[in-house]
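To be precise, the following lines are data36.pdb, and they hold PDB, C-alpha atoms.
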```pdb
ATOM      1  CA  MET A   1       0.000   0.000   0.000
ATOM      2  CA  LYS A   2       1.485   3.289  -1.176
ATOM      3  CA  LYS A   3      -1.636   5.333  -1.889
ATOM      4  CA  ILE A   4      -5.114   5.148  -0.333
ATOM      5  CA  ALA A   5      -8.194   7.087  -1.403
ATOM      6  CA  VAL A   6     -11.267   7.875   0.711
ATOM      7  CA  PHE A   7     -14.713   9.110  -0.305
ATOM      8  CA  THR A   8     -18.191   9.673   1.133
ATOM      9  CA  SER A   9     -21.327   8.594  -0.685
ATOM     10  CA  GLY A  10     -25.104   8.471  -0.299
ATOM     11  CA  GLY A  11     -26.848  10.545   2.354
ATOM     12  CA  ASP A  12     -24.556  12.675   4.502
ATOM     13  CA  ALA A  13     -24.253  11.855   8.191
ATOM     14  CA  PRO A  14     -22.626  13.697  11.125
ATOM     15  CA  GLY A  15     -19.251  12.100  11.838
ATOM     16  CA  MET A  16     -18.261  11.472   8.221
ATOM     17  CA  ASN A  17     -15.602  14.174   8.498
ATOM     18  CA  ALA A  18     -14.194  12.514  11.610
ATOM     19  CA  ALA A  19     -13.918   9.263   9.637
ATOM     20  CA  VAL A  20     -12.197  11.014   6.716
ATOM     21  CA  ARG A  21      -9.733  12.588   9.166
ATOM     22  CA  ALA A  22      -8.985   9.212  10.751
ATOM     23  CA  VAL A  23      -8.409   7.520   7.381
ATOM     24  CA  VAL A  24      -6.049  10.281   6.225
ATOM     25  CA  ARG A  25      -4.042  10.355   9.428
ATOM     26  CA  GLY A  26      -4.073   6.567   9.727
ATOM     27  CA  ALA A  27      -2.589   6.377   6.236
ATOM     28  CA  ILE A  28       0.047   9.040   6.924
ATOM     29  CA  TYR A  29       1.013   7.306  10.185
ATOM     30  CA  ASN A  30       1.741   4.176   8.134
ATOM     31  CA  LYS A  31       3.769   6.131   5.511
ATOM     32  CA  ILE A  32       0.961   5.947   2.931
ATOM     33  CA  GLU A  33      -0.188   8.842   0.734
ATOM     34  CA  ALA A  34      -3.839   9.815   1.183
ATOM     35  CA  TYR A  35      -6.244  11.128  -1.440
ATOM     36  CA  GLY A  36      -9.808  12.327  -1.192
ATOM     37  CA  ILE A  37     -12.359  11.696  -3.927
ATOM     38  CA  MET A  38     -14.891  14.488  -4.297
ATOM     39  CA  ARG A  39     -18.601  13.638  -4.790
ATOM     40  CA  GLY A  40     -18.318   9.894  -4.271
ATOM     41  CA  TYR A  41     -18.461   7.538  -7.249
ATOM     42  CA  GLN A  42     -19.282  10.396  -9.629
ATOM     43  CA  GLY A  43     -16.065  12.144  -8.668
ATOM     44  CA  MET A  44     -14.195   8.883  -9.196
ATOM     45  CA  ILE A  45     -15.539   8.789 -12.756
ATOM     46  CA  GLU A  46     -14.809  12.478 -13.385
ATOM     47  CA  ASN A  47     -11.270  12.279 -11.938
ATOM     48  CA  GLU A  48     -11.915  14.572  -8.952
ATOM     49  CA  PHE A  49      -9.019  13.433  -6.753
ATOM     50  CA  ILE A  50      -7.279  15.697  -4.251
ATOM     51  CA  PRO A  51      -4.174  14.887  -2.171
ATOM     52  CA  LEU A  52      -4.846  15.213   1.554
ATOM     53  CA  SER A  53      -2.255  16.070   4.182
ATOM     54  CA  SER A  54      -2.604  16.001   7.946
ATOM     55  CA  ARG A  55      -3.205  19.753   7.909
ATOM     56  CA  ASP A  56      -5.956  19.420   5.287
ATOM     57  CA  VAL A  57      -8.084  17.462   7.751
ATOM     58  CA  SER A  58      -7.417  19.661  10.769
ATOM     59  CA  ASN A  59     -10.450  21.161  12.500
ATOM     60  CA  ILE A  60     -13.011  19.169  10.509
ATOM     61  CA  MET A  61     -14.038  16.701  13.202
ATOM     62  CA  SER A  62     -16.649  19.015  14.738
ATOM     63  CA  LYS A  63     -18.308  19.802  11.410
ATOM     64  CA  GLY A  64     -21.411  18.028  10.130
ATOM     65  CA  GLY A  65     -21.850  16.969   6.511
ATOM     66  CA  THR A  66     -18.735  16.008   4.573
ATOM     67  CA  ILE A  67     -15.857  18.099   3.226
ATOM     68  CA  LEU A  68     -15.569  15.612   0.327
ATOM     69  CA  LYS A  69     -19.192  16.227  -0.706
ATOM     70  CA  THR A  70     -21.493  13.382  -1.669
ATOM     71  CA  ALA A  71     -23.564  12.418  -4.700
ATOM     72  CA  ARG A  72     -25.438   9.477  -6.130
ATOM     73  CA  SER A  73     -24.034   8.245  -9.432
ATOM     74  CA  LYS A  74     -26.172   6.452 -12.020
ATOM     75  CA  GLU A  75     -23.167   6.302 -14.316
ATOM     76  CA  PHE A  76     -21.250   4.135 -11.838
ATOM     77  CA  MET A  77     -24.022   1.535 -12.104
ATOM     78  CA  SER A  78     -22.887   0.811 -15.675
ATOM     79  CA  LYS A  79     -19.792  -1.168 -16.672
ATOM     80  CA  GLU A  80     -18.616   1.770 -18.754
ATOM     81  CA  GLY A  81     -18.801   4.083 -15.746
ATOM     82  CA  ARG A  82     -16.907   1.675 -13.509
ATOM     83  CA  LYS A  83     -14.250   1.260 -16.208
ATOM     84  CA  LYS A  84     -13.692   5.039 -16.231
ATOM     85  CA  ALA A  85     -13.423   5.031 -12.445
ATOM     86  CA  TYR A  86     -10.880   2.208 -12.526
ATOM     87  CA  GLU A  87      -8.734   3.938 -15.142
ATOM     88  CA  ASN A  88      -8.679   7.114 -13.048
ATOM     89  CA  LEU A  89      -7.729   5.216  -9.892
ATOM     90  CA  LYS A  90      -4.884   3.425 -11.714
ATOM     91  CA  LYS A  91      -3.678   6.662 -13.317
ATOM     92  CA  ILE A  92      -3.012   8.131  -9.877
ATOM     93  CA  GLY A  93      -1.742   4.819  -8.509
ATOM     94  CA  ILE A  94      -4.391   4.189  -5.857
ATOM     95  CA  ASP A  95      -3.816   0.818  -4.152
ATOM     96  CA  GLY A  96      -6.904   0.741  -1.925
ATOM     97  CA  VAL A  97     -10.113   2.689  -1.264
ATOM     98  CA  VAL A  98     -12.123   3.440   1.877
ATOM     99  CA  ALA A  99     -15.829   3.981   1.158
ATOM    100  CA  ILE A 100     -17.937   5.796   3.780
ATOM    101  CA  GLY A 101     -21.689   5.377   3.321
ATOM    102  CA  GLY A 102     -24.596   2.946   3.427
ATOM    103  CA  ASP A 103     -25.762  -0.191   1.635
ATOM    104  CA  GLY A 104     -25.871   1.484  -1.798
ATOM    105  CA  THR A 105     -22.272   2.614  -1.354
ATOM    106  CA  PHE A 106     -21.183  -0.871  -0.301
ATOM    107  CA  THR A 107     -23.079  -2.539  -3.158
ATOM    108  CA  GLY A 108     -21.130  -0.402  -5.625
ATOM    109  CA  ALA A 109     -17.857  -1.170  -3.840
ATOM    110  CA  LYS A 110     -18.555  -4.902  -3.852
ATOM    111  CA  VAL A 111     -19.312  -5.001  -7.587
ATOM    112  CA  PHE A 112     -16.273  -2.866  -8.410
ATOM    113  CA  SER A 113     -13.894  -5.001  -6.318
ATOM    114  CA  GLN A 114     -15.130  -8.145  -8.070
ATOM    115  CA  GLU A 115     -14.454  -6.633 -11.496
ATOM    116  CA  TYR A 116     -11.125  -4.939 -10.799
ATOM    117  CA  ASP A 117      -8.009  -5.464  -8.674
ATOM    118  CA  ILE A 118      -8.433  -2.528  -6.271
ATOM    119  CA  PRO A 119      -9.627  -3.502  -2.766
ATOM    120  CA  PHE A 120     -12.416  -1.566  -1.045
ATOM    121  CA  VAL A 121     -13.130  -1.364   2.699
ATOM    122  CA  GLY A 122     -16.338   0.258   3.963
ATOM    123  CA  ILE A 123     -17.210   2.418   6.956
ATOM    124  CA  PRO A 124     -20.950   2.540   7.818
ATOM    125  CA  GLY A 125     -22.265   6.096   7.700
ATOM    126  CA  THR A 126     -26.052   6.494   7.831
ATOM    127  CA  ILE A 127     -28.410   8.039  10.374
ATOM    128  CA  ASP A 128     -30.884   5.198   9.744
ATOM    129  CA  ASN A 129     -28.510   2.780  11.532
ATOM    130  CA  ASP A 130     -29.886  -0.047   9.393
ATOM    131  CA  LEU A 131     -26.718  -1.817   8.228
ATOM    132  CA  TYR A 132     -26.434  -5.436   9.331
ATOM    133  CA  GLY A 133     -23.369  -6.425  11.351
ATOM    134  CA  THR A 134     -22.844  -3.220  13.320
ATOM    135  CA  ASP A 135     -24.577  -1.914  16.425
ATOM    136  CA  TYR A 136     -23.986   1.684  15.412
ATOM    137  CA  CYS A 137     -23.473   3.542  12.143
ATOM    138  CA  ILE A 138     -21.746   6.914  12.021
ATOM    139  CA  GLY A 139     -24.296   9.704  12.381
ATOM    140  CA  TYR A 140     -26.995   7.726  14.167
ATOM    141  CA  ASP A 141     -26.207   8.955  17.674
ATOM    142  CA  THR A 142     -26.080  12.597  16.560
ATOM    143  CA  ALA A 143     -29.357  12.319  14.645
ATOM    144  CA  LEU A 144     -30.935  10.637  17.654
ATOM    145  CA  ASN A 145     -29.984  13.552  19.887
ATOM    146  CA  THR A 146     -31.212  16.060  17.283
ATOM    147  CA  VAL A 147     -34.622  14.348  17.148
ATOM    148  CA  MET A 148     -34.811  14.131  20.937
ATOM    149  CA  ARG A 149     -34.146  17.859  21.360
ATOM    150  CA  ALA A 150     -36.725  18.718  18.691
ATOM    151  CA  ILE A 151     -39.386  16.600  20.393
ATOM    152  CA  ASP A 152     -38.520  18.128  23.770
ATOM    153  CA  ASN A 153     -39.229  21.557  22.250
ATOM    154  CA  LEU A 154     -42.443  20.387  20.627
ATOM    155  CA  ARG A 155     -43.680  18.980  23.920
ATOM    156  CA  ASP A 156     -43.666  22.463  25.449
ATOM    157  CA  THR A 157     -46.052  23.659  22.750
ATOM    158  CA  ALA A 158     -48.144  20.489  22.889
ATOM    159  CA  PHE A 159     -48.660  20.974  26.619
ATOM    160  CA  ALA A 160     -49.391  24.704  26.316
ATOM    161  CA  HIS A 161     -52.106  24.163  23.692
ATOM    162  CA  ASN A 162     -53.402  20.711  24.700
ATOM    163  CA  ARG A 163     -52.321  19.298  21.349
ATOM    164  CA  LEU A 164     -51.480  15.875  20.001
ATOM    165  CA  PHE A 165     -48.385  16.045  17.779
ATOM    166  CA  PHE A 166     -47.439  13.456  15.160
ATOM    167  CA  VAL A 167     -43.700  13.864  14.566
ATOM    168  CA  GLU A 168     -42.245  12.284  11.418
ATOM    169  CA  VAL A 169     -38.578  11.278  11.472
ATOM    170  CA  MET A 170     -36.335   9.732   8.828
ATOM    171  CA  GLY A 171     -36.368   5.998   8.284
ATOM    172  CA  ARG A 172     -37.852   4.932   4.951
ATOM    173  CA  ASP A 173     -37.182   1.242   5.558
ATOM    174  CA  ALA A 174     -36.060   1.167   9.183
ATOM    175  CA  GLY A 175     -37.465   2.390  12.482
ATOM    176  CA  PHE A 176     -34.313   2.449  14.621
ATOM    177  CA  LEU A 177     -34.220   6.250  14.831
ATOM    178  CA  ALA A 178     -37.951   6.536  15.512
ATOM    179  CA  LEU A 179     -38.002   3.839  18.182
ATOM    180  CA  ARG A 180     -35.030   4.975  20.240
ATOM    181  CA  SER A 181     -35.934   8.674  19.982
ATOM    182  CA  SER A 182     -39.487   7.942  21.135
ATOM    183  CA  ILE A 183     -38.131   6.313  24.298
ATOM    184  CA  ALA A 184     -35.544   9.058  24.884
ATOM    185  CA  SER A 185     -38.155  11.810  24.551
ATOM    186  CA  GLY A 186     -40.921  10.094  26.521
ATOM    187  CA  ALA A 187     -43.245   9.924  23.506
ATOM    188  CA  GLU A 188     -46.664   8.352  23.965
ATOM    189  CA  GLY A 189     -46.355   6.111  20.919
ATOM    190  CA  VAL A 190     -44.249   5.110  17.904
ATOM    191  CA  LEU A 191     -45.111   3.800  14.432
ATOM    192  CA  ILE A 192     -42.320   2.014  12.528
ATOM    193  CA  PRO A 193     -42.049   0.012   9.261
ATOM    194  CA  GLU A 194     -40.964  -3.208  10.988
ATOM    195  CA  ILE A 195     -44.182  -3.561  12.981
ATOM    196  CA  PRO A 196     -47.515  -3.237  11.118
ATOM    197  CA  THR A 197     -49.503  -0.197  12.154
ATOM    198  CA  HIS A 198     -52.986  -1.106  13.336
ATOM    199  CA  LEU A 199     -55.016   2.065  13.357
ATOM    200  CA  GLU A 200     -57.641   0.314  15.460
ATOM    201  CA  GLU A 201     -55.096  -0.165  18.220
ATOM    202  CA  LEU A 202     -53.982   3.458  17.941
ATOM    203  CA  HIS A 203     -57.590   4.616  18.134
ATOM    204  CA  LEU A 204     -58.229   2.377  21.130
ATOM    205  CA  TYR A 205     -55.195   3.805  22.890
ATOM    206  CA  LEU A 206     -56.259   7.364  22.172
ATOM    207  CA  GLU A 207     -59.819   6.704  23.316
ATOM    208  CA  ASN A 208     -59.241   4.614  26.423
ATOM    209  CA  GLY A 209     -55.714   5.399  27.492
ATOM    210  CA  PHE A 210     -54.387   8.714  26.304
ATOM    211  CA  LYS A 211     -57.659  10.650  26.598
ATOM    212  CA  GLN A 212     -58.155   9.649  30.236
ATOM    213  CA  LYS A 213     -54.622  10.480  31.331
ATOM    214  CA  LYS A 214     -53.333  13.359  29.200
ATOM    215  CA  SER A 215     -54.421  16.453  27.349
ATOM    216  CA  SER A 216     -51.334  16.584  25.119
ATOM    217  CA  GLY A 217     -48.882  14.123  23.648
ATOM    218  CA  ILE A 218     -46.316  13.075  21.048
ATOM    219  CA  ILE A 219     -46.460  10.141  18.660
ATOM    220  CA  VAL A 220     -43.305   9.494  16.608
ATOM    221  CA  VAL A 221     -43.775   8.167  13.061
ATOM    222  CA  ALA A 222     -41.007   6.747  10.855
ATOM    223  CA  GLU A 223     -41.383   8.130   7.322
ATOM    224  CA  GLY A 224     -41.599   4.605   5.914
ATOM    225  CA  ASP A 225     -44.561   3.553   8.032
ATOM    226  CA  LYS A 226     -46.975   1.569   5.874
ATOM    227  CA  GLU A 227     -49.961   3.760   6.740
ATOM    228  CA  GLY A 228     -48.476   6.622   4.724
ATOM    229  CA  GLY A 229     -46.506   8.819   7.087
ATOM    230  CA  ALA A 230     -47.429  11.360   9.724
ATOM    231  CA  TYR A 231     -49.799  13.501   7.639
ATOM    232  CA  GLU A 232     -51.893  10.540   6.510
ATOM    233  CA  ILE A 233     -52.124   9.053   9.986
ATOM    234  CA  ALA A 234     -52.945  12.410  11.574
ATOM    235  CA  LYS A 235     -55.699  12.930   9.006
ATOM    236  CA  LYS A 236     -57.314   9.594   9.894
ATOM    237  CA  VAL A 237     -57.061  10.298  13.614
ATOM    238  CA  LYS A 238     -58.585  13.751  13.159
ATOM    239  CA  GLU A 239     -61.544  12.239  11.305
ATOM    240  CA  ASP A 240     -62.312   9.933  14.229
ATOM    241  CA  PHE A 241     -61.385  12.351  17.031
ATOM    242  CA  SER A 242     -62.626  15.740  15.858
ATOM    243  CA  ASP A 243     -62.300  17.163  19.362
ATOM    244  CA  TYR A 244     -58.521  16.601  19.353
ATOM    245  CA  SER A 245     -56.219  19.460  18.371
ATOM    246  CA  VAL A 246     -53.903  17.486  16.071
ATOM    247  CA  ARG A 247     -50.686  18.848  14.536
ATOM    248  CA  VAL A 248     -47.949  17.345  12.348
ATOM    249  CA  THR A 249     -44.233  18.185  12.339
ATOM    250  CA  ILE A 250     -41.869  16.766   9.692
ATOM    251  CA  LEU A 251     -38.312  17.036  10.986
ATOM    252  CA  GLY A 252     -36.797  16.286   7.575
ATOM    253  CA  HIS A 253     -33.182  17.047   6.760
ATOM    254  CA  VAL A 254     -32.415  18.880   9.997
ATOM    255  CA  GLN A 255     -31.784  15.363  11.336
ATOM    256  CA  ARG A 256     -28.761  14.918   9.077
ATOM    257  CA  GLY A 257     -26.833  18.058   9.984
ATOM    258  CA  GLY A 258     -25.125  19.422  13.036
ATOM    259  CA  SER A 259     -21.927  18.863  14.957
ATOM    260  CA  PRO A 260     -21.431  15.139  15.715
ATOM    261  CA  THR A 261     -21.682  13.864  19.265
ATOM    262  CA  ALA A 262     -18.640  12.589  21.161
ATOM    263  CA  PHE A 263     -19.818   9.028  20.562
ATOM    264  CA  ASP A 264     -19.994   9.512  16.777
ATOM    265  CA  ARG A 265     -16.577  11.207  16.714
ATOM    266  CA  VAL A 266     -14.879   8.417  18.651
ATOM    267  CA  CYS A 267     -16.684   5.670  16.713
ATOM    268  CA  ALA A 268     -15.749   7.270  13.364
ATOM    269  CA  SER A 269     -12.126   7.700  14.451
ATOM    270  CA  LYS A 270     -11.778   4.059  15.471
ATOM    271  CA  MET A 271     -13.411   2.828  12.261
ATOM    272  CA  GLY A 272     -11.270   5.070  10.051
ATOM    273  CA  VAL A 273      -7.973   3.840  11.494
ATOM    274  CA  GLU A 274      -9.216   0.237  11.417
ATOM    275  CA  ALA A 275     -10.146   0.578   7.728
ATOM    276  CA  VAL A 276      -6.568   1.585   6.881
ATOM    277  CA  LYS A 277      -5.215  -1.376   8.876
ATOM    278  CA  ALA A 278      -7.541  -3.719   6.987
ATOM    279  CA  LEU A 279      -6.268  -2.505   3.607
ATOM    280  CA  ILE A 280      -2.648  -2.841   4.765
ATOM    281  CA  ASN A 281      -3.400  -6.433   5.828
ATOM    282  CA  GLY A 282      -4.754  -7.269   2.363
ATOM    283  CA  GLU A 283      -8.436  -7.376   3.248
ATOM    284  CA  LYS A 284     -11.170  -6.283   0.845
ATOM    285  CA  ASN A 285     -14.932  -6.317   0.433
ATOM    286  CA  ILE A 286     -15.522  -5.810   4.157
ATOM    287  CA  MET A 287     -17.259  -3.244   6.334
ATOM    288  CA  ILE A 288     -15.733  -2.057   9.585
ATOM    289  CA  GLY A 289     -18.472  -2.518  12.193
ATOM    290  CA  ASN A 290     -19.025  -1.792  15.861
ATOM    291  CA  ARG A 291     -20.332  -4.591  18.048
ATOM    292  CA  ASN A 292     -20.394  -4.367  21.835
ATOM    293  CA  ARG A 293     -18.122  -1.300  21.535
ATOM    294  CA  ASP A 294     -15.446  -3.335  19.684
ATOM    295  CA  THR A 295     -14.498  -2.905  16.015
ATOM    296  CA  ILE A 296     -15.223  -5.934  13.833
ATOM    297  CA  HIS A 297     -14.975  -6.867  10.146
ATOM    298  CA  VAL A 298     -18.172  -7.810   8.292
ATOM    299  CA  PRO A 299     -18.215  -9.023   4.662
ATOM    300  CA  PHE A 300     -20.055  -6.672   2.291
ATOM    301  CA  GLU A 301     -22.192  -9.648   1.301
ATOM    302  CA  LYS A 302     -23.616  -9.867   4.813
ATOM    303  CA  SER A 303     -23.932  -6.152   5.528
ATOM    304  CA  ILE A 304     -25.853  -5.627   2.276
ATOM    305  CA  LYS A 305     -28.071  -8.707   2.079
ATOM    306  CA  CYS A 306     -28.853  -9.550   5.698
ATOM    307  CA  HIS A 307     -31.679  -7.744   7.471
ATOM    308  CA  LYS A 308     -30.991  -5.915  10.723
ATOM    309  CA  ALA A 309     -33.889  -6.631  13.049
ATOM    310  CA  ILE A 310     -35.463  -4.126  15.386
ATOM    311  CA  ASN A 311     -34.952  -4.661  19.109
ATOM    312  CA  GLN A 312     -38.342  -5.992  20.216
ATOM    313  CA  SER A 313     -37.550  -5.397  23.874
ATOM    314  CA  LEU A 314     -37.171  -1.658  23.196
ATOM    315  CA  TYR A 315     -40.536  -1.619  21.452
ATOM    316  CA  ASP A 316     -42.123  -3.420  24.408
ATOM    317  CA  LEU A 317     -40.413  -1.015  26.801
ATOM    318  CA  LEU A 318     -42.352   1.914  25.354
ATOM    319  CA  SER A 319     -45.647   0.236  26.266
ATOM    320  CA  VAL A 320     -44.493  -0.274  29.841
ATOM    321  CA  LEU A 321     -43.386   3.356  30.166
ATOM    322  CA  ASN A 322     -46.763   4.631  28.974
ATOM    323  CA  VAL A 323     -49.048   2.878  31.437
TER     324      VAL A 323
END
```
Once more with this new file: its structure as structure tokens, please.
Amino acid sequence: MKKIAVFTSGGDAPGMNAAVRAVVRGAIYNKIEAYGIMRGYQGMIENEFIPLSSRDVSNIMSKGGTILKTARSKEFMSKEGRKKAYENLKKIGIDGVVAIGGDGTFTGAKVFSQEYDIPFVGIPGTIDNDLYGTDYCIGYDTALNTVMRAIDNLRDTAFAHNRLFFVEVMGRDAGFLALRSSIASGAEGVLIPEIPTHLEELHLYLENGFKQKKSSGIIVVAEGDKEGGAYEIAKKVKEDFSDYSVRVTILGHVQRGGSPTAFDRVCASKMGVEAVKALINGEKNIMIGNRNRDTIHVPFEKSIKCHKAINQSLYDLLSVLNV
């Protein structure tokens, strides 16, 4: 290994910059040149490589987003696009690549590594926290705290006006963010893709439980909930409970930004250095994961194809806390 490149791809997540910093400094520590690839796979195709020194990654750890930018590339999905990317990597002399992103990023890395002789190692970066093989993905803890603070603020208004708020958070296919934030914020309910939403049960709760105990409340809804999201659910509830003052708040992309938490910074730093070690040791097609606070190596095949299940005990815990 003489030259290593690093890029970020897919949705941005707080802590990506900390991971980039760790990869660059981990490479330099091992006498390896470091390069950044701007705009993910698209930048790889368009030859957007920049050399990175230790100074170049100074003071970036506290910043959200990613200094390397991110983009989704349809061109990389074609053999012609991947061929361009390979030629550009070889032209500079890149011996290994660290990919920071989610399952789409790792799918591209896996296909590329099978076609060409450049090894890829992945670092999980997604606020959805839905990658199999790791307890935590970079950005999840920060997003969780962002959602919790937003719900705390909304609760003040809900209480002041005797309102029922439906708060929609990110999670098109996974409810990890919705479930844990609902517990952390003391929400009265949560609706997630993994567990079918039964509106009858929600109505029963509102009629017999919530109405008798509270005049205001918060129900967290993952955007991928099968009933159609917060607006659709709130509309149905309003039809059946016309006396309720119902409001909807979509948190949207504010969940992705912001300065990363200490946990995300440390996790990203450990994963970045470990990714460099893995490339030096000749490994490829693996994701650096975090299990029981230890770094582990997970084959791309598993992290992409296997389904990460929701923690049922956490879901049950919410029911206990809302008696």
Check: Could you work out how far atom CA of Met44 of chain A lies from atom CA of Asn290 of chain A, giving the answer in Å with one decimal?
Finding: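 Distance reported for this atom pair: 27.7 Å.
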Notebook entry, point to check: Can you list, as number ranges by chain, every protein, DNA or RNA residue that comes within 8 Å of Ser181 of chain A when you count all atoms listed in the file, leaving out same-chain residues fewer than 6 positions away?
Noted result: A: 144-145, 147-148
Assuming the chain letters and numbering stay as they are in my file, what does the PyMOL selection byres ((chain A and resi 220) around 9) actually select? List them as a PDB file with C-alpha atoms, keeping the file's coordinate frame.
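See out10.pdb below for the written result:
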```pdb
ATOM      1  CA  ILE A 151     -39.386  16.600  20.393  1.00  0.00           C
ATOM      2  CA  PHE A 165     -48.385  16.045  17.779  1.00  0.00           C
ATOM      3  CA  PHE A 166     -47.439  13.456  15.160  1.00  0.00           C
ATOM      4  CA  VAL A 167     -43.700  13.864  14.566  1.00  0.00           C
ATOM      5  CA  GLU A 168     -42.245  12.284  11.418  1.00  0.00           C
ATOM      6  CA  VAL A 169     -38.578  11.278  11.472  1.00  0.00           C
ATOM      7  CA  ALA A 178     -37.951   6.536  15.512  1.00  0.00           C
ATOM      8  CA  LEU A 179     -38.002   3.839  18.182  1.00  0.00           C
ATOM      9  CA  SER A 181     -35.934   8.674  19.982  1.00  0.00           C
ATOM     10  CA  SER A 182     -39.487   7.942  21.135  1.00  0.00           C
ATOM     11  CA  ALA A 187     -43.245   9.924  23.506  1.00  0.00           C
ATOM     12  CA  GLU A 188     -46.664   8.352  23.965  1.00  0.00           C
ATOM     13  CA  GLY A 189     -46.355   6.111  20.919  1.00  0.00           C
ATOM     14  CA  VAL A 190     -44.249   5.110  17.904  1.00  0.00           C
ATOM     15  CA  LEU A 191     -45.111   3.800  14.432  1.00  0.00           C
ATOM     16  CA  ILE A 192     -42.320   2.014  12.528  1.00  0.00           C
ATOM     17  CA  ILE A 218     -46.316  13.075  21.048  1.00  0.00           C
ATOM     18  CA  ILE A 219     -46.460  10.141  18.660  1.00  0.00           C
ATOM     19  CA  VAL A 221     -43.775   8.167  13.061  1.00  0.00           C
ATOM     20  CA  ALA A 222     -41.007   6.747  10.855  1.00  0.00           C
ATOM     21  CA  ALA A 230     -47.429  11.360   9.724  1.00  0.00           C
TER      22      ALA A 230
END
```
Check: Mind telling me what the PyMOL selection byres ((chain A and resi 5) around 7) catches here, as a PyMOL selection string?
Finding: chain A and resi 3-4+6-7+34-37+94+96-98
Checklist line | Close residues, Ala71 of chain A itself excluded, 10 Å, all atoms listed in the file, min 5 positions apart in chain, as a list in words | finding: Thr8, Ser9, Gly10, Gly11, Asp12, Met38, Arg39, Gly40, Tyr41, Gln42 and Gly43 of chain A
Name the residues, using the chain letters and numbers of the file, that sit within 7 Å of (-29.8, 0.8, 3.2) when counting all atoms listed in the file, and give them as a CSV table (one decimal) with C-alpha atoms, in the coordinates of the input.
```
chain,number,residue,atom,x,y,z
A,102,GLY,CA,-24.6,2.9,3.4
A,103,ASP,CA,-25.8,-0.2,1.6
A,104,GLY,CA,-25.9,1.5,-1.8
A,130,ASP,CA,-29.9,0.0,9.4
A,131,LEU,CA,-26.7,-1.8,8.2
```
Check: Expressed in Å to a single decimal, how great is the separation between atom CA of Gly252 of chain A and atom CA of Arg149 of chain A?
Finding: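 Here the two named atoms are 14.1 Å from each other.
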Next item on the list: List every protein, DNA or RNA residue that has at least one atom no more than 9 Å from (-52.3, 17.8, 9.3) in the file's coordinates, counting only C-alpha atoms, and write the result as a VMD selection string.
Entry: chain A and resid 166 230 to 235 238 246 to 249
Notebook entry, point to check: Where does the PyMOL selection byres ((chain A and resi 54) around 9) land in this file, that is, which residues does it pick, as a VMD selection string?
Noted result: chain A and resid 21 24 to 25 28 52 to 53 55 to 58
Next item on the list: Would you please work out which residue, of A:Leu199, A:Val266, A:Ile296, A:Ala160, is nearest to Ser245 of chain A when using all atoms listed in the file?
Entry: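 Among A:Leu199, A:Val266, A:Ile296, A:Ala160, it is A:Ala160 that comes nearest to Ser245 of chain A.
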Notebook entry, point to check: What is the distance, in Å and to one decimal place, between atom CA of Gly15 of chain A and atom CA of Pro260 of chain A?
Noted result: 5.4 Å
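Among the candidate residues A:Ala18, A:Asp156, A:Lys83, A:Ala99, the one lying nearest to Pro119 of chain A is A:Ala99, with distances computed using only C-alpha atoms.
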Item checked: Nearest to Glu200 of chain A, chosen from A:Ile92, A:Gly258, A:Ala143, A:Val237, with only C-alpha atoms counted in the distances ->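 Between A:Ile92, A:Gly258, A:Ala143, A:Val237, the residue approaching Glu200 of chain A most closely is A:Val237.
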Check: When distances are computed from only C-alpha atoms, which of A:Ala158, A:Ile310, A:Asp264, A:Cys137 shows the smallest separation from Arg291 of chain A?
Finding: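 Looking only at the distances to Arg291 of chain A, the closest residue turns out to be A:Cys137.
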As a compact mmCIF listing (two decimals), in the frame of the given file, the rebuilt segment 144-152 of chain A with N, CA and C atoms:
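The result, written out as result-v7.txt:
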```txt
# COMPACT_ATOMS: atom_id res chain seq x y z
N LEU A 144 -30.07 11.01 16.54
CA LEU A 144 -30.94 10.64 17.65
C LEU A 144 -31.07 11.79 18.65
N ASN A 145 -29.97 12.41 18.96
CA ASN A 145 -29.98 13.55 19.89
C ASN A 145 -30.68 14.77 19.28
N THR A 146 -30.53 14.96 17.97
CA THR A 146 -31.21 16.06 17.28
C THR A 146 -32.73 15.87 17.36
N VAL A 147 -33.19 14.65 17.09
CA VAL A 147 -34.62 14.35 17.15
C VAL A 147 -35.14 14.52 18.57
N MET A 148 -34.38 14.04 19.54
CA MET A 148 -34.81 14.13 20.94
C MET A 148 -35.00 15.59 21.35
N ARG A 149 -34.04 16.44 20.99
CA ARG A 149 -34.15 17.86 21.36
C ARG A 149 -35.34 18.52 20.68
N ALA A 150 -35.59 18.15 19.42
CA ALA A 150 -36.72 18.72 18.69
C ALA A 150 -38.05 18.32 19.35
N ILE A 151 -38.15 17.06 19.75
CA ILE A 151 -39.39 16.60 20.39
C ILE A 151 -39.55 17.25 21.77
N ASP A 152 -38.45 17.43 22.48
CA ASP A 152 -38.52 18.13 23.77
C ASP A 152 -39.12 19.52 23.58
```
